[in-house]
Amino acid sequence: MKKLVQYVNELKTYLLSASTLNEKVSSSSVGWHIDHSLLVLSQIIAAMETSDPVNYQYHFNLKRFIAFSMNRFPRGAAKAPKQVKPTEAFNETTTIAAFENIMRRLTVLENLAPNQFFLHPFFGKLNKKAAIKMLTIHTAHHILIIKDIIQKQA
């Protein structure tokens, strides 16, 4: 959980580069990657909050096993589902408010029951521990993309 909070704080440091775009790295701007990461966090925490831990049951998932073992997601292997794609142009004021909301929501995540879960499109049901790991890897994945966009822009 500590690492996830650290990554969210790091994401915030890229706000000044939000309009930076480098098509060789990504078709989306730094701001899009920030907003997408915040949307993913928000929606997963909301889904977990309303889940019934009784309905969670672990099932082995090879894709999850590989991604979690490597502690990374391969670039370009998947497209963001429509519900976690930012639909509006980047707005710094809105995004700063989203950061403040996410910091509160991370406390909610931390206090969930161990078997509260959400259904991931590739990895299946992820309980609290697995969800935190997935969110940490996902956020780190987008931070690396952001760094590449900024670095290769210079």
# chains A, B, ... in the order shown; residues from 1 in each chain; ligands from 1
$ select_by_dssp --residues "chain A" --states "strand (DSSP E)" --output "PyMOL selection string"
chain A and resi 117-120+124-127
$ write_last_selection --atoms "C-alpha atoms" --output "PDB file, in the first residue's frame"
ATOM      1  CA  PHE A 117     -12.787  -7.725  -4.641  1.00  0.00           C
ATOM      2  CA  PHE A 118     -13.312  -6.482  -8.163  1.00  0.00           C
ATOM      3  CA  LEU A 119     -13.486  -8.324 -11.460  1.00  0.00           C
ATOM      4  CA  HIS A 120     -10.539  -7.477 -13.731  1.00  0.00           C
ATOM      5  CA  GLY A 124     -10.368 -12.302 -12.965  1.00  0.00           C
ATOM      6  CA  LYS A 125     -11.444 -11.602  -9.383  1.00  0.00           C
ATOM      7  CA  LEU A 126      -8.807  -9.724  -7.395  1.00  0.00           C
ATOM      8  CA  ASN A 127      -9.146  -9.470  -3.628  1.00  0.00           C
TER       9      ASN A 127
END
$ residues_around --residues "stretch 13-17 of chain A" --least-positions-apart "6" --cutoff "8 Å" --atoms "only C-alpha atoms" --output "PyMOL selection string"
chain A and resi 30-31+34+92+146+150
$ residues_around --residues "A:Arg64" --least-positions-apart "2" --cutoff "12 Å" --atoms "only C-alpha atoms" --output "PyMOL selection string"
chain A and resi 58-62+66-73+120-126+130-131+133-134+137
$ write_last_selection --atoms "N, CA and C atoms" --output "short mmCIF file (atom, residue, chain, number, x, y, z; two decimals), in the first residue's frame"
data_model
loop_
_atom_site.label_atom_id
_atom_site.label_comp_id
_atom_site.auth_asym_id
_atom_site.auth_seq_id
_atom_site.Cartn_x
_atom_site.Cartn_y
_atom_site.Cartn_z
N TYR A 58 -10.67 -17.51 -4.88
CA TYR A 58 -9.45 -17.47 -5.66
C TYR A 58 -9.48 -18.52 -6.77
N HIS A 59 -9.06 -18.11 -7.96
CA HIS A 59 -8.85 -19.02 -9.08
C HIS A 59 -7.52 -18.66 -9.71
N PHE A 60 -6.72 -19.65 -10.02
CA PHE A 60 -5.44 -19.37 -10.67
C PHE A 60 -5.69 -18.74 -12.03
N ASN A 61 -4.87 -17.75 -12.37
CA ASN A 61 -4.97 -17.05 -13.64
C ASN A 61 -3.54 -16.86 -14.16
N LEU A 62 -3.23 -17.47 -15.29
CA LEU A 62 -1.87 -17.44 -15.82
C LEU A 62 -1.41 -16.02 -16.16
N ILE A 66 1.84 -14.24 -14.40
CA ILE A 66 2.98 -13.71 -15.14
C ILE A 66 3.20 -12.23 -14.84
N ALA A 67 2.13 -11.43 -14.93
CA ALA A 67 2.25 -9.99 -14.68
C ALA A 67 2.70 -9.71 -13.25
N PHE A 68 2.13 -10.41 -12.30
CA PHE A 68 2.48 -10.19 -10.90
C PHE A 68 3.89 -10.70 -10.60
N SER A 69 4.31 -11.77 -11.24
CA SER A 69 5.67 -12.29 -11.03
C SER A 69 6.71 -11.33 -11.60
N MET A 70 6.39 -10.76 -12.77
CA MET A 70 7.32 -9.82 -13.42
C MET A 70 7.22 -8.42 -12.80
N ASN A 71 6.17 -8.18 -12.05
CA ASN A 71 5.91 -6.88 -11.44
C ASN A 71 5.78 -5.77 -12.49
N ARG A 72 5.24 -6.12 -13.63
CA ARG A 72 5.06 -5.13 -14.70
C ARG A 72 4.04 -5.63 -15.71
N PHE A 73 3.53 -4.70 -16.49
CA PHE A 73 2.65 -5.02 -17.59
C PHE A 73 3.39 -4.71 -18.88
N HIS A 120 -11.43 -8.05 -12.73
CA HIS A 120 -10.54 -7.48 -13.73
C HIS A 120 -10.78 -8.19 -15.07
N PRO A 121 -10.78 -7.45 -16.19
CA PRO A 121 -11.09 -8.08 -17.48
C PRO A 121 -10.11 -9.18 -17.92
N PHE A 122 -8.86 -9.12 -17.47
CA PHE A 122 -7.88 -10.14 -17.85
C PHE A 122 -7.49 -11.06 -16.69
N PHE A 123 -7.50 -10.53 -15.47
CA PHE A 123 -6.98 -11.26 -14.32
C PHE A 123 -8.04 -11.93 -13.46
N GLY A 124 -9.30 -11.70 -13.76
CA GLY A 124 -10.37 -12.30 -12.97
C GLY A 124 -10.59 -11.55 -11.66
N LYS A 125 -11.15 -12.23 -10.67
CA LYS A 125 -11.44 -11.60 -9.38
C LYS A 125 -10.14 -11.35 -8.62
N LEU A 126 -9.98 -10.10 -8.18
CA LEU A 126 -8.81 -9.72 -7.39
C LEU A 126 -9.28 -9.23 -6.03
N ALA A 130 -4.42 -8.53 -3.87
CA ALA A 130 -4.11 -8.62 -5.29
C ALA A 130 -4.47 -7.31 -6.01
N ALA A 131 -5.55 -6.67 -5.59
CA ALA A 131 -5.96 -5.40 -6.20
C ALA A 131 -4.93 -4.32 -5.94
N LYS A 133 -1.78 -4.80 -5.41
CA LYS A 133 -0.62 -5.12 -6.25
C LYS A 133 -0.88 -4.70 -7.69
N MET A 134 -2.06 -5.02 -8.22
CA MET A 134 -2.39 -4.66 -9.60
C MET A 134 -2.38 -3.15 -9.77
N ILE A 137 1.25 -1.91 -9.81
CA ILE A 137 1.89 -2.22 -11.10
C ILE A 137 1.33 -1.31 -12.19
#
$ residues_around --residues "A:Gly76" --least-positions-apart "6" --cutoff "12 Å" --atoms "only C-alpha atoms" --output "number ranges by chain"
A: 25-27, 141-142, 145
$ residues_around --residues "A:Leu109" --least-positions-apart "6" --cutoff "12 Å" --atoms "only C-alpha atoms" --output "mmCIF file with N, CA and C atoms, in the first residue's frame"
data_model
loop_
_atom_site.group_PDB
_atom_site.id
_atom_site.type_symbol
_atom_site.label_atom_id
_atom_site.label_comp_id
_atom_site.auth_asym_id
_atom_site.auth_seq_id
_atom_site.Cartn_x
_atom_site.Cartn_y
_atom_site.Cartn_z
ATOM 1 N N MET A 1 0.829 -1.193 0.000
ATOM 2 C CA MET A 1 0.000 0.000 0.000
ATOM 3 C C MET A 1 0.873 1.256 0.000
ATOM 4 N N LEU A 4 2.012 2.119 -3.471
ATOM 5 C CA LEU A 4 0.938 2.689 -4.271
ATOM 6 C C LEU A 4 0.766 4.176 -3.951
ATOM 7 N N VAL A 5 0.759 4.523 -2.683
ATOM 8 C CA VAL A 5 0.642 5.928 -2.269
ATOM 9 C C VAL A 5 1.821 6.730 -2.826
ATOM 10 N N LEU A 41 -7.934 3.910 -10.425
ATOM 11 C CA LEU A 41 -7.921 3.818 -8.959
ATOM 12 C C LEU A 41 -9.325 4.050 -8.393
ATOM 13 N N SER A 42 -9.953 5.102 -8.836
ATOM 14 C CA SER A 42 -11.262 5.464 -8.320
ATOM 15 C C SER A 42 -12.308 4.383 -8.575
ATOM 16 N N GLN A 43 -12.352 3.897 -9.799
ATOM 17 C CA GLN A 43 -13.387 2.920 -10.148
ATOM 18 C C GLN A 43 -13.154 1.560 -9.492
ATOM 19 N N ILE A 44 -11.907 1.167 -9.355
ATOM 20 C CA ILE A 44 -11.633 -0.124 -8.710
ATOM 21 C C ILE A 44 -11.972 -0.063 -7.222
ATOM 22 N N ILE A 45 -11.601 1.022 -6.579
ATOM 23 C CA ILE A 45 -11.917 1.153 -5.155
ATOM 24 C C ILE A 45 -13.440 1.159 -4.965
ATOM 25 N N ALA A 46 -14.154 1.874 -5.823
ATOM 26 C CA ALA A 46 -15.625 1.912 -5.731
ATOM 27 C C ALA A 46 -16.224 0.522 -5.921
ATOM 28 N N ALA A 47 -15.712 -0.224 -6.890
ATOM 29 C CA ALA A 47 -16.228 -1.580 -7.132
ATOM 30 C C ALA A 47 -15.949 -2.490 -5.944
ATOM 31 N N MET A 48 -14.772 -2.359 -5.377
ATOM 32 C CA MET A 48 -14.418 -3.209 -4.234
ATOM 33 C C MET A 48 -15.276 -2.880 -3.021
ATOM 34 N N GLU A 49 -15.545 -1.600 -2.845
ATOM 35 C CA GLU A 49 -16.340 -1.146 -1.707
ATOM 36 C C GLU A 49 -17.715 -1.791 -1.678
ATOM 37 N N THR A 50 -18.299 -1.977 -2.846
ATOM 38 C CA THR A 50 -19.652 -2.532 -2.919
ATOM 39 C C THR A 50 -19.674 -4.052 -3.072
ATOM 40 N N ILE A 102 -8.585 10.842 -4.507
ATOM 41 C CA ILE A 102 -7.910 9.528 -4.511
ATOM 42 C C ILE A 102 -7.158 9.296 -3.212
ATOM 43 N N MET A 103 -6.531 10.317 -2.674
ATOM 44 C CA MET A 103 -5.803 10.131 -1.412
ATOM 45 C C MET A 103 -6.771 9.698 -0.302
ATOM 46 N N ASN A 115 -11.187 -9.946 1.614
ATOM 47 C CA ASN A 115 -11.762 -10.589 0.433
ATOM 48 C C ASN A 115 -12.776 -9.739 -0.317
ATOM 49 N N GLN A 116 -12.784 -8.446 -0.044
ATOM 50 C CA GLN A 116 -13.546 -7.580 -0.944
ATOM 51 C C GLN A 116 -12.758 -7.568 -2.240
ATOM 52 N N PHE A 117 -13.453 -7.464 -3.363
ATOM 53 C CA PHE A 117 -12.787 -7.725 -4.641
ATOM 54 C C PHE A 117 -13.390 -6.916 -5.765
ATOM 55 N N PHE A 118 -12.732 -6.990 -6.924
ATOM 56 C CA PHE A 118 -13.312 -6.482 -8.163
ATOM 57 C C PHE A 118 -12.948 -7.464 -9.256
ATOM 58 N N ASN A 127 -8.795 -9.911 -4.977
ATOM 59 C CA ASN A 127 -9.146 -9.470 -3.628
ATOM 60 C C ASN A 127 -8.289 -8.257 -3.261
ATOM 61 N N LYS A 128 -8.432 -7.776 -2.049
ATOM 62 C CA LYS A 128 -7.759 -6.546 -1.625
ATOM 63 C C LYS A 128 -6.255 -6.596 -1.864
ATOM 64 N N LYS A 129 -5.588 -7.635 -1.433
ATOM 65 C CA LYS A 129 -4.134 -7.733 -1.582
ATOM 66 C C LYS A 129 -3.733 -7.736 -3.065
ATOM 67 N N ALA A 130 -4.421 -8.532 -3.867
ATOM 68 C CA ALA A 130 -4.114 -8.619 -5.294
ATOM 69 C C ALA A 130 -4.468 -7.308 -6.005
ATOM 70 N N ALA A 131 -5.552 -6.672 -5.593
ATOM 71 C CA ALA A 131 -5.961 -5.405 -6.205
ATOM 72 C C ALA A 131 -4.927 -4.318 -5.938
ATOM 73 N N ILE A 132 -4.417 -4.276 -4.725
ATOM 74 C CA ILE A 132 -3.382 -3.289 -4.394
ATOM 75 C C ILE A 132 -2.138 -3.541 -5.237
ATOM 76 N N LEU A 135 -2.963 -2.424 -8.824
ATOM 77 C CA LEU A 135 -2.997 -0.968 -8.909
ATOM 78 C C LEU A 135 -1.594 -0.366 -8.829
#
$ atom_distance --atom1 "atom CA of A:Lys79" --atom2 "atom CA of A:Lys147"
19.5 Å
$ atom_distance --atom1 "atom CA of A:Phe99" --atom2 "atom CA of A:Glu10"
11.1 Å
$ residues_around --residues "A:Lys24" --least-positions-apart "4" --cutoff "12 Å" --atoms "only C-alpha atoms" --output "mmCIF file with C-alpha atoms, in the first residue's frame"
data_model
loop_
_atom_site.group_PDB
_atom_site.id
_atom_site.type_symbol
_atom_site.label_atom_id
_atom_site.label_comp_id
_atom_site.auth_asym_id
_atom_site.auth_seq_id
_atom_site.Cartn_x
_atom_site.Cartn_y
_atom_site.Cartn_z
ATOM 1 C CA SER A 28 -1.953 10.048 -25.507
ATOM 2 C CA SER A 29 -0.571 13.001 -23.561
ATOM 3 C CA ILE A 145 5.200 5.799 -20.055
ATOM 4 C CA ASP A 148 9.388 8.176 -21.674
ATOM 5 C CA ILE A 149 7.064 10.795 -23.167
ATOM 6 C CA ILE A 150 8.870 13.580 -21.310
ATOM 7 C CA GLN A 151 12.373 12.208 -21.884
ATOM 8 C CA LYS A 152 11.965 11.606 -25.588
ATOM 9 C CA GLN A 153 10.304 14.999 -26.022
#
$ atom_distance --atom1 "atom CA of A:Gln83" --atom2 "atom CA of A:Gln57"
24.9 Å
$ closest_residue --among "A:Ala140, A:Val84, A:Ala113, A:Ala97" --to "A:Val40" --atoms "only C-alpha atoms"
A:Val84
$ select_by_dssp --residues "chain A" --states "alpha helix (DSSP H)" --output "VMD selection string"
chain A and resid 2 to 12 30 to 50 62 to 70 92 to 110 128 to 153
